[in-house]
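Enquirer: Can you read through this structure? Questions will come right after.
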Amino acid sequence: MVPSTPGPRASGEIRLAVEDGVVVLHLTGEVDAAAVAAFESAGGAAPPGLLRVVDASAVTFLNSVGAVLVIRLTQPARTAGLRPVLRRPSEAALQVLRLTGLELLFDRVG
């Protein structure tokens with residue numbers, strides 16, 4: 001009998017939503033190059049207004065490609081004098097943001 005091989009990694013999801021008039025970026029699962037490519041190919045790279053909140057509560061993995069996307073999408077808010085909010089970041093997300101110093105670009109809630 002041949003041992004089974006593990007299936008492909010669980011993919012992540014990146015999506016934009018408007019909640020109570022505020023643009024929120026939701027990050028779920030593995031936020032890597034594949035997830036970013038899927039998000040951008042679906043036309044999600046242009047938020048419908050200033051991106052003010054990043055919900056990273058369901059992130060299980062975040063690499064540099066995912067982190068760069070978050071910084072790029074939240075930059076217009078910073079340019080406008082606003083400070084984006086990092087909402088309930090998972091430990092996986094926080095580890096990368098702390099290591100790179102990017103955590104300092106956000107207010108943190110939860």
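Residues are referred to by chain and number: the chain letter is A, B, ... according to the order shown in the structure tokens, the number counts from 1 in that chain, and ligands are numbered separately from 1 in the order shown.
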Can you tell me which residues surround Asp55 in chain A at a distance of at most 9 Å, considering only C-alpha atoms, apart from same-chain residues fewer than 6 positions away, and format the answer as a ChimeraX atom specification?
Expert: /A:24-28,85-89
Enquirer: Show which residues sit within 12 Å of Leu16 in chain A, as a ChimeraX atom specification. Count only C-alpha atoms, and ignore same-chain residues fewer than 2 positions away.
Expert: /A:13-14,18-19,22-28,39-40,42-55,70,73
Enquirer: Would you mind reading off the distance between CA of Gly29 in chain A and CA of Ser11 in chain A, one decimal, in Å?
Expert: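 Interatomic distance, CA of Gly29 in chain A to CA of Ser11 in chain A: 6.5 Å.
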Enquirer: Could you please write out, as an mmCIF file with N, CA and C atoms, in the first residue's frame, every residue of chain A that DSSP assigns to helix (DSSP H, G or I)?
Expert:
data_model
loop_
_atom_site.group_PDB
_atom_site.id
_atom_site.type_symbol
_atom_site.label_atom_id
_atom_site.label_comp_id
_atom_site.auth_asym_id
_atom_site.auth_seq_id
_atom_site.Cartn_x
_atom_site.Cartn_y
_atom_site.Cartn_z
ATOM 1 N N ALA A 33 1.652 34.579 -1.520
ATOM 2 C CA ALA A 33 1.661 35.054 -2.905
ATOM 3 C C ALA A 33 0.451 34.548 -3.690
ATOM 4 N N ALA A 34 0.048 33.309 -3.451
ATOM 5 C CA ALA A 34 -1.105 32.763 -4.172
ATOM 6 C C ALA A 34 -2.389 33.496 -3.790
ATOM 7 N N ALA A 35 -2.563 33.763 -2.519
ATOM 8 C CA ALA A 35 -3.764 34.481 -2.074
ATOM 9 C C ALA A 35 -3.773 35.909 -2.609
ATOM 10 N N VAL A 36 -2.612 36.564 -2.595
ATOM 11 C CA VAL A 36 -2.523 37.932 -3.112
ATOM 12 C C VAL A 36 -2.815 37.948 -4.609
ATOM 13 N N ALA A 37 -2.265 36.999 -5.353
ATOM 14 C CA ALA A 37 -2.514 36.924 -6.798
ATOM 15 C C ALA A 37 -3.999 36.717 -7.087
ATOM 16 N N ALA A 38 -4.646 35.851 -6.332
ATOM 17 C CA ALA A 38 -6.079 35.610 -6.529
ATOM 18 C C ALA A 38 -6.883 36.872 -6.232
ATOM 19 N N PHE A 39 -6.529 37.572 -5.176
ATOM 20 C CA PHE A 39 -7.207 38.818 -4.802
ATOM 21 C C PHE A 39 -7.045 39.866 -5.900
ATOM 22 N N GLU A 40 -5.820 40.039 -6.367
ATOM 23 C CA GLU A 40 -5.568 41.046 -7.388
ATOM 24 C C GLU A 40 -6.193 40.683 -8.724
ATOM 25 N N SER A 41 -6.200 39.410 -9.089
ATOM 26 C CA SER A 41 -6.806 39.014 -10.367
ATOM 27 C C SER A 41 -8.321 39.151 -10.331
ATOM 28 N N SER A 64 5.808 37.882 3.356
ATOM 29 C CA SER A 64 6.129 39.260 2.977
ATOM 30 C C SER A 64 5.239 39.778 1.863
ATOM 31 N N VAL A 65 4.815 38.925 0.959
ATOM 32 C CA VAL A 65 3.940 39.356 -0.134
ATOM 33 C C VAL A 65 2.595 39.832 0.431
ATOM 34 N N GLY A 66 2.064 39.099 1.394
ATOM 35 C CA GLY A 66 0.817 39.507 2.044
ATOM 36 C C GLY A 66 0.977 40.782 2.835
ATOM 37 N N ALA A 67 2.092 40.893 3.544
ATOM 38 C CA ALA A 67 2.348 42.106 4.341
ATOM 39 C C ALA A 67 2.483 43.328 3.442
ATOM 40 N N VAL A 68 3.169 43.184 2.318
ATOM 41 C CA VAL A 68 3.325 44.306 1.384
ATOM 42 C C VAL A 68 1.963 44.738 0.836
ATOM 43 N N LEU A 69 1.092 43.787 0.552
ATOM 44 C CA LEU A 69 -0.244 44.140 0.075
ATOM 45 C C LEU A 69 -0.988 44.968 1.119
ATOM 46 N N VAL A 70 -0.933 44.548 2.362
ATOM 47 C CA VAL A 70 -1.616 45.275 3.436
ATOM 48 C C VAL A 70 -1.084 46.702 3.535
ATOM 49 N N ILE A 71 0.229 46.857 3.497
ATOM 50 C CA ILE A 71 0.832 48.187 3.590
ATOM 51 C C ILE A 71 0.446 49.030 2.390
ATOM 52 N N ARG A 72 0.490 48.445 1.201
ATOM 53 C CA ARG A 72 0.139 49.186 -0.021
ATOM 54 C C ARG A 72 -1.314 49.647 -0.003
ATOM 55 N N LEU A 73 -2.217 48.781 0.422
ATOM 56 C CA LEU A 73 -3.637 49.136 0.425
ATOM 57 C C LEU A 73 -3.999 50.139 1.516
ATOM 58 N N THR A 74 -3.234 50.166 2.604
ATOM 59 C CA THR A 74 -3.535 51.111 3.689
ATOM 60 C C THR A 74 -2.761 52.423 3.556
ATOM 61 N N GLN A 75 -1.827 52.499 2.623
ATOM 62 C CA GLN A 75 -1.027 53.712 2.469
ATOM 63 C C GLN A 75 -1.863 54.958 2.156
ATOM 64 N N PRO A 76 -2.885 54.896 1.298
ATOM 65 C CA PRO A 76 -3.684 56.100 1.052
ATOM 66 C C PRO A 76 -4.315 56.681 2.326
ATOM 67 N N ALA A 77 -4.717 55.832 3.253
ATOM 68 C CA ALA A 77 -5.277 56.334 4.521
ATOM 69 C C ALA A 77 -4.205 57.082 5.306
ATOM 70 N N ARG A 78 -2.999 56.516 5.369
ATOM 71 C CA ARG A 78 -1.905 57.186 6.072
ATOM 72 C C ARG A 78 -1.563 58.510 5.399
ATOM 73 N N THR A 79 -1.555 58.526 4.075
ATOM 74 C CA THR A 79 -1.268 59.751 3.327
ATOM 75 C C THR A 79 -2.306 60.825 3.628
ATOM 76 N N GLU A 91 -1.876 35.633 16.248
ATOM 77 C CA GLU A 91 -0.459 35.579 16.610
ATOM 78 C C GLU A 91 0.408 35.424 15.366
ATOM 79 N N ALA A 92 -0.065 34.662 14.371
ATOM 80 C CA ALA A 92 0.695 34.483 13.128
ATOM 81 C C ALA A 92 0.887 35.816 12.408
ATOM 82 N N ALA A 93 -0.148 36.636 12.360
ATOM 83 C CA ALA A 93 -0.043 37.948 11.710
ATOM 84 C C ALA A 93 0.851 38.875 12.528
ATOM 85 N N LEU A 94 0.646 38.891 13.834
ATOM 86 C CA LEU A 94 1.440 39.770 14.697
ATOM 87 C C LEU A 94 2.928 39.453 14.641
ATOM 88 N N GLN A 95 3.259 38.191 14.573
ATOM 89 C CA GLN A 95 4.661 37.792 14.549
ATOM 90 C C GLN A 95 5.379 38.441 13.364
ATOM 91 N N VAL A 96 4.782 38.393 12.194
ATOM 92 C CA VAL A 96 5.404 38.974 10.996
ATOM 93 C C VAL A 96 5.421 40.498 11.086
ATOM 94 N N LEU A 97 4.315 41.086 11.506
ATOM 95 C CA LEU A 97 4.248 42.545 11.574
ATOM 96 C C LEU A 97 5.212 43.110 12.620
ATOM 97 N N ARG A 98 5.375 42.408 13.734
ATOM 98 C CA ARG A 98 6.344 42.846 14.748
ATOM 99 C C ARG A 98 7.781 42.704 14.248
ATOM 100 N N LEU A 99 8.070 41.563 13.660
ATOM 101 C CA LEU A 99 9.416 41.279 13.176
ATOM 102 C C LEU A 99 9.874 42.310 12.147
ATOM 103 N N THR A 100 8.958 42.765 11.311
ATOM 104 C CA THR A 100 9.292 43.723 10.258
ATOM 105 C C THR A 100 9.146 45.172 10.693
ATOM 106 N N LEU A 102 6.337 46.637 10.974
ATOM 107 C CA LEU A 102 5.132 47.167 10.328
ATOM 108 C C LEU A 102 3.974 47.346 11.306
ATOM 109 N N GLU A 103 4.032 46.671 12.432
ATOM 110 C CA GLU A 103 2.978 46.810 13.441
ATOM 111 C C GLU A 103 2.845 48.275 13.877
ATOM 112 N N LEU A 104 3.939 49.015 13.829
ATOM 113 C CA LEU A 104 3.935 50.413 14.277
ATOM 114 C C LEU A 104 3.138 51.333 13.364
ATOM 115 N N LEU A 105 2.764 50.854 12.181
ATOM 116 C CA LEU A 105 1.986 51.666 11.236
ATOM 117 C C LEU A 105 0.490 51.617 11.516
#
Enquirer: How far is it from CA of Leu82 in chain A to CA of Val31 in chain A, in Å with one decimal?
Expert: 24.6 Å
Enquirer: I'd like to know which residues of range 10-42 of chain A are strand (DSSP E) (by DSSP, run on the backbone); could you write them as a VMD selection string?
Expert: chain A and resid 13 to 19 22 to 31
Enquirer: Could you write those residues out with N, CA and C atoms, as a PDB file, in the first residue's frame?
Expert:
ATOM      1  N   GLU A  13      -7.638  33.656   1.996  1.00  0.00           N
ATOM      2  CA  GLU A  13      -8.604  34.509   1.303  1.00  0.00           C
ATOM      3  C   GLU A  13      -8.376  35.947   1.740  1.00  0.00           C
ATOM      4  N   ILE A  14      -8.463  36.828   0.773  1.00  0.00           N
ATOM      5  CA  ILE A  14      -8.345  38.259   1.017  1.00  0.00           C
ATOM      6  C   ILE A  14      -9.572  38.885   0.379  1.00  0.00           C
ATOM      7  N   ARG A  15     -10.301  39.663   1.158  1.00  0.00           N
ATOM      8  CA  ARG A  15     -11.485  40.313   0.583  1.00  0.00           C
ATOM      9  C   ARG A  15     -11.718  41.663   1.234  1.00  0.00           C
ATOM     10  N   LEU A  16     -12.342  42.529   0.470  1.00  0.00           N
ATOM     11  CA  LEU A  16     -12.718  43.850   0.961  1.00  0.00           C
ATOM     12  C   LEU A  16     -14.205  43.870   1.250  1.00  0.00           C
ATOM     13  N   ALA A  17     -14.585  44.591   2.280  1.00  0.00           N
ATOM     14  CA  ALA A  17     -15.999  44.761   2.612  1.00  0.00           C
ATOM     15  C   ALA A  17     -16.185  46.169   3.156  1.00  0.00           C
ATOM     16  N   VAL A  18     -17.393  46.662   3.028  1.00  0.00           N
ATOM     17  CA  VAL A  18     -17.730  47.945   3.634  1.00  0.00           C
ATOM     18  C   VAL A  18     -18.657  47.647   4.800  1.00  0.00           C
ATOM     19  N   GLU A  19     -18.204  48.006   6.005  1.00  0.00           N
ATOM     20  CA  GLU A  19     -18.962  47.745   7.231  1.00  0.00           C
ATOM     21  C   GLU A  19     -19.243  49.076   7.915  1.00  0.00           C
ATOM     22  N   VAL A  22     -17.277  51.905   6.575  1.00  0.00           N
ATOM     23  CA  VAL A  22     -15.812  51.829   6.698  1.00  0.00           C
ATOM     24  C   VAL A  22     -15.310  50.667   5.843  1.00  0.00           C
ATOM     25  N   VAL A  23     -14.266  50.917   5.041  1.00  0.00           N
ATOM     26  CA  VAL A  23     -13.683  49.855   4.216  1.00  0.00           C
ATOM     27  C   VAL A  23     -12.790  48.992   5.099  1.00  0.00           C
ATOM     28  N   VAL A  24     -13.054  47.674   5.060  1.00  0.00           N
ATOM     29  CA  VAL A  24     -12.333  46.702   5.881  1.00  0.00           C
ATOM     30  C   VAL A  24     -11.709  45.650   4.966  1.00  0.00           C
ATOM     31  N   LEU A  25     -10.431  45.361   5.221  1.00  0.00           N
ATOM     32  CA  LEU A  25      -9.742  44.282   4.531  1.00  0.00           C
ATOM     33  C   LEU A  25      -9.755  43.071   5.447  1.00  0.00           C
ATOM     34  N   HIS A  26     -10.358  41.972   4.988  1.00  0.00           N
ATOM     35  CA  HIS A  26     -10.421  40.728   5.763  1.00  0.00           C
ATOM     36  C   HIS A  26      -9.369  39.763   5.230  1.00  0.00           C
ATOM     37  N   LEU A  27      -8.529  39.277   6.119  1.00  0.00           N
ATOM     38  CA  LEU A  27      -7.500  38.304   5.778  1.00  0.00           C
ATOM     39  C   LEU A  27      -7.825  37.002   6.489  1.00  0.00           C
ATOM     40  N   THR A  28      -7.812  35.895   5.730  1.00  0.00           N
ATOM     41  CA  THR A  28      -8.182  34.603   6.287  1.00  0.00           C
ATOM     42  C   THR A  28      -7.197  33.536   5.823  1.00  0.00           C
ATOM     43  N   GLY A  29      -6.792  32.683   6.738  1.00  0.00           N
ATOM     44  CA  GLY A  29      -5.938  31.551   6.381  1.00  0.00           C
ATOM     45  C   GLY A  29      -4.530  31.964   6.038  1.00  0.00           C
ATOM     46  N   GLU A  30      -3.991  31.342   4.999  1.00  0.00           N
ATOM     47  CA  GLU A  30      -2.617  31.585   4.573  1.00  0.00           C
ATOM     48  C   GLU A  30      -2.577  32.741   3.580  1.00  0.00           C
ATOM     49  N   VAL A  31      -2.090  33.872   4.038  1.00  0.00           N
ATOM     50  CA  VAL A  31      -2.019  35.064   3.200  1.00  0.00           C
ATOM     51  C   VAL A  31      -0.618  35.106   2.603  1.00  0.00           C
TER      52      VAL A  31
END
